[in-house]
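Heads up: the structure comes next, in structure tokens.
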Amino acid sequence: MADIEKPLLEIIKDHAVGLTEAPTRETPIADLGIDSFSIVEIIYEVEEKLGVEVPFNANENPFGDMKSVGDLIDALDALIKK
Amino acid sequence: MSRNVVVTGMGVVSPIGADLGAYWQGLTSGKNGIVTREFTLGDDLSLTVPSAPVDDVEERINGLGRVLLRADRFSQLAVLAADEAIENAGLELDEQLGARTACIIGTGIGGQATLDVGYEQMLRRGKRPHPLSILKVITNAPASHMSIRYGARGPAFAISSACATGAHSIGVCADLIRGGSADVALAGASEAVLTFGALTTWKAMHILATETCRPFSKNRNGLVIGEGAGVLVLEEEERARKRGANILARLVGFGMNADGKDMINPEVDGAAGAIKLALDGVQINDPSAVYINAHGTGTLMNDPTETKAVRSVFGAGADDLVMSSTKSMHGHLLGAAGGIETIASILALNNNVAPPTMNYDEPDPECDLNYAPNEAVERNIDLAISNSFAFGGLNAVVAFQKV
């Protein structure tokens with residue numbers, strides 16, 4: 001399990017206005033109901049909470065071809081470890 | 001074919017009333033919106049000064065939705081006013097009309113509260129600012145939020161000219177409609193700078209009143225900063241008539257110029273020139289039916305200068321007109337002043353009532369017009385003028401008549 005999984009799931013939960021239940025790795029990103037503001041806030045909160053820097057460009061589609069929250073967690077984990 | 005511009009809707013959030021009805025009630029009853037209040041930042045910074053805050057709108061702000069909850073207060077107040085203006089106008093923007101609708105919403109400063117908090121955290125606590133700070137601070141944020149919220153996809157931008165911002169925004173918007181760049185527009189301004197940082201900076205300029213705002217009164221000693229927003233729906237007249245809109249007034253004149261003299265001190269010729277430009281082609285048969293909503297800041301310099309400017313434009317007729325400063329009630333909303341004061345002018349025109357200049361204690365020989373001292377004046381009003389004269393010598397004046 002990626003180190004950031006638990007804190008990231010908590011952060012996403014706070015922003016996922018489209019969900020009634022807590023998100024899991026399997027939750028489709030499309031179901032989260034998060035907007036462009038939330039993406040920037042989620043990245044910021046990851047950085048603040050974990051004391052890391054995420055080399056993320058807000059002008060790029062941060063999801064690319066990601067489908068699930070698990071894909072997002074793995075992508076962020078890979079970015080942090082760069 | 002010339003295109004006329006009419007006002008079909010208005011919305012206001014002010015220190016004396018946070019909607020049109022409450023605002024007019026406040027204006028005519030001489031309501032006081034000025035309170036001495038403490039402003040803090042962090043754990044240890046504090047300043048207590050007279051100010052004119054907007055209270056009791058938190059519930060409405062919370063109802064604006066997720067995106068606007070993450071906006072600065074100046075955007076939130078602007079959207080509250082715009083929501084009311086659109087409803088007041090009975091305006092429905094479909095795909096086609098949306099493309100022809102402009103949003104020109106100005107501000108003098110922008111996201112001051114966001115800047116204050118961000119810098120306090122960054123410079124004193126070594127913390128990073130919130131990542132959405134830029135989107136909160138930028139002066140075009142209200143125009144952008146409105147374009148998204150209402151689907152208004154015509155020209156959209158912010159105008160900034162300190163205390164003349166609101167009048168410039170309304171006047172430029174009218175020009176956009178006259179020139180064919182838009183058919184409908186949301187025009188106005190917003191300001192929310194009641195923060196420790198901003199008020200401390202204003203205090204440093206030694207121009208804030210010590211107790212309250214007393215325009216044109218001999219014992220006046222400065223301005224009181226207020227917050228709020230005023231937004232008009234402007235429409236090309238033929239289209240407004242076709243849709244059966246309730247037309248509140250016709251914008252008959254817009255004058256703008258610059259003194260070109262001094263950053264602080266206002267100048268009679270510049271102010272008079274702007275008023276003359278606004279009245280170019282306007283027939284004034286009866287000066288006693290003219291109402292001027294004065295810039296009337298209550299500073300030592302503005303009030304006699306403005307009085308002389310009005311005298312130089314109206315000559316002997318100046319003794320017959322009524323000019324009041326509603327800043328005596330709602331304070332000086334800086335960029336938003338021209339927004340809410342234009343609305344006060346149109347309400348005066350519609351109701352045939354000139355709101356008073358409150359806190360008027362003592363005549364000043366330098367200020368010798370009829371300022372409706374301490375009591376509203378009922379009389380026929382055919383022409384309403386709103387004056388705005390900014391620091392930096394930028395002047396904007398808008399004039400309205402009944403339709």
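Ordering of the structure tokens sets the chain letters (A, B, ...), residue numbers begin anew at 1 in every chain, and ligands are numbered from 1 in the order given.
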Subject >> Shell of 12 Å around Ile42 (chain A), only C-alpha atoms, local chain residues under 3 positions omitted, as JSON, numbers by chain >> reply: {"A": [7, 8, 9, 10, 11, 12, 13, 14, 15, 16, 34, 35, 36, 37, 38, 39, 45, 46, 47, 48, 49, 50, 54, 56, 58, 62, 72, 73, 76], "B": [130, 131, 132]}
Can you pull out the residues contacting Asn293 (chain B)? Cut-off 6 Å, using only C-alpha atoms, and skip same-chain residues under 4 positions away; I want them as a compact mmCIF listing (two decimals) with C-alpha atoms, in the first residue's frame.
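Result file part-v6.txt:
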```txt
# COMPACT_ATOMS: atom_id res chain seq x y z
CA MET B 323 -27.52 67.23 -3.49
CA SER B 324 -27.03 64.74 -0.68
CA SER B 325 -24.26 62.46 0.44
CA SER B 386 -24.37 60.28 -9.32
```
Original post:
Near chain A, which residues of chain B fall within 12 Å when you count only C-alpha atoms, and what do they look like as a VMD selection string?
Top reply: chain B and resid 65 to 71 127 to 136
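Residue-level DSSP output for region 33-81 of chain B, from the backbone, shows strand (DSSP E) at B:Val35, B:Thr36, B:Arg37, B:Glu38, B:Phe39, B:Thr40, B:Leu41, B:Leu45, B:Ser46, B:Leu47, B:Thr48, B:Val49, B:Pro50, B:Ser51, B:Ala52.
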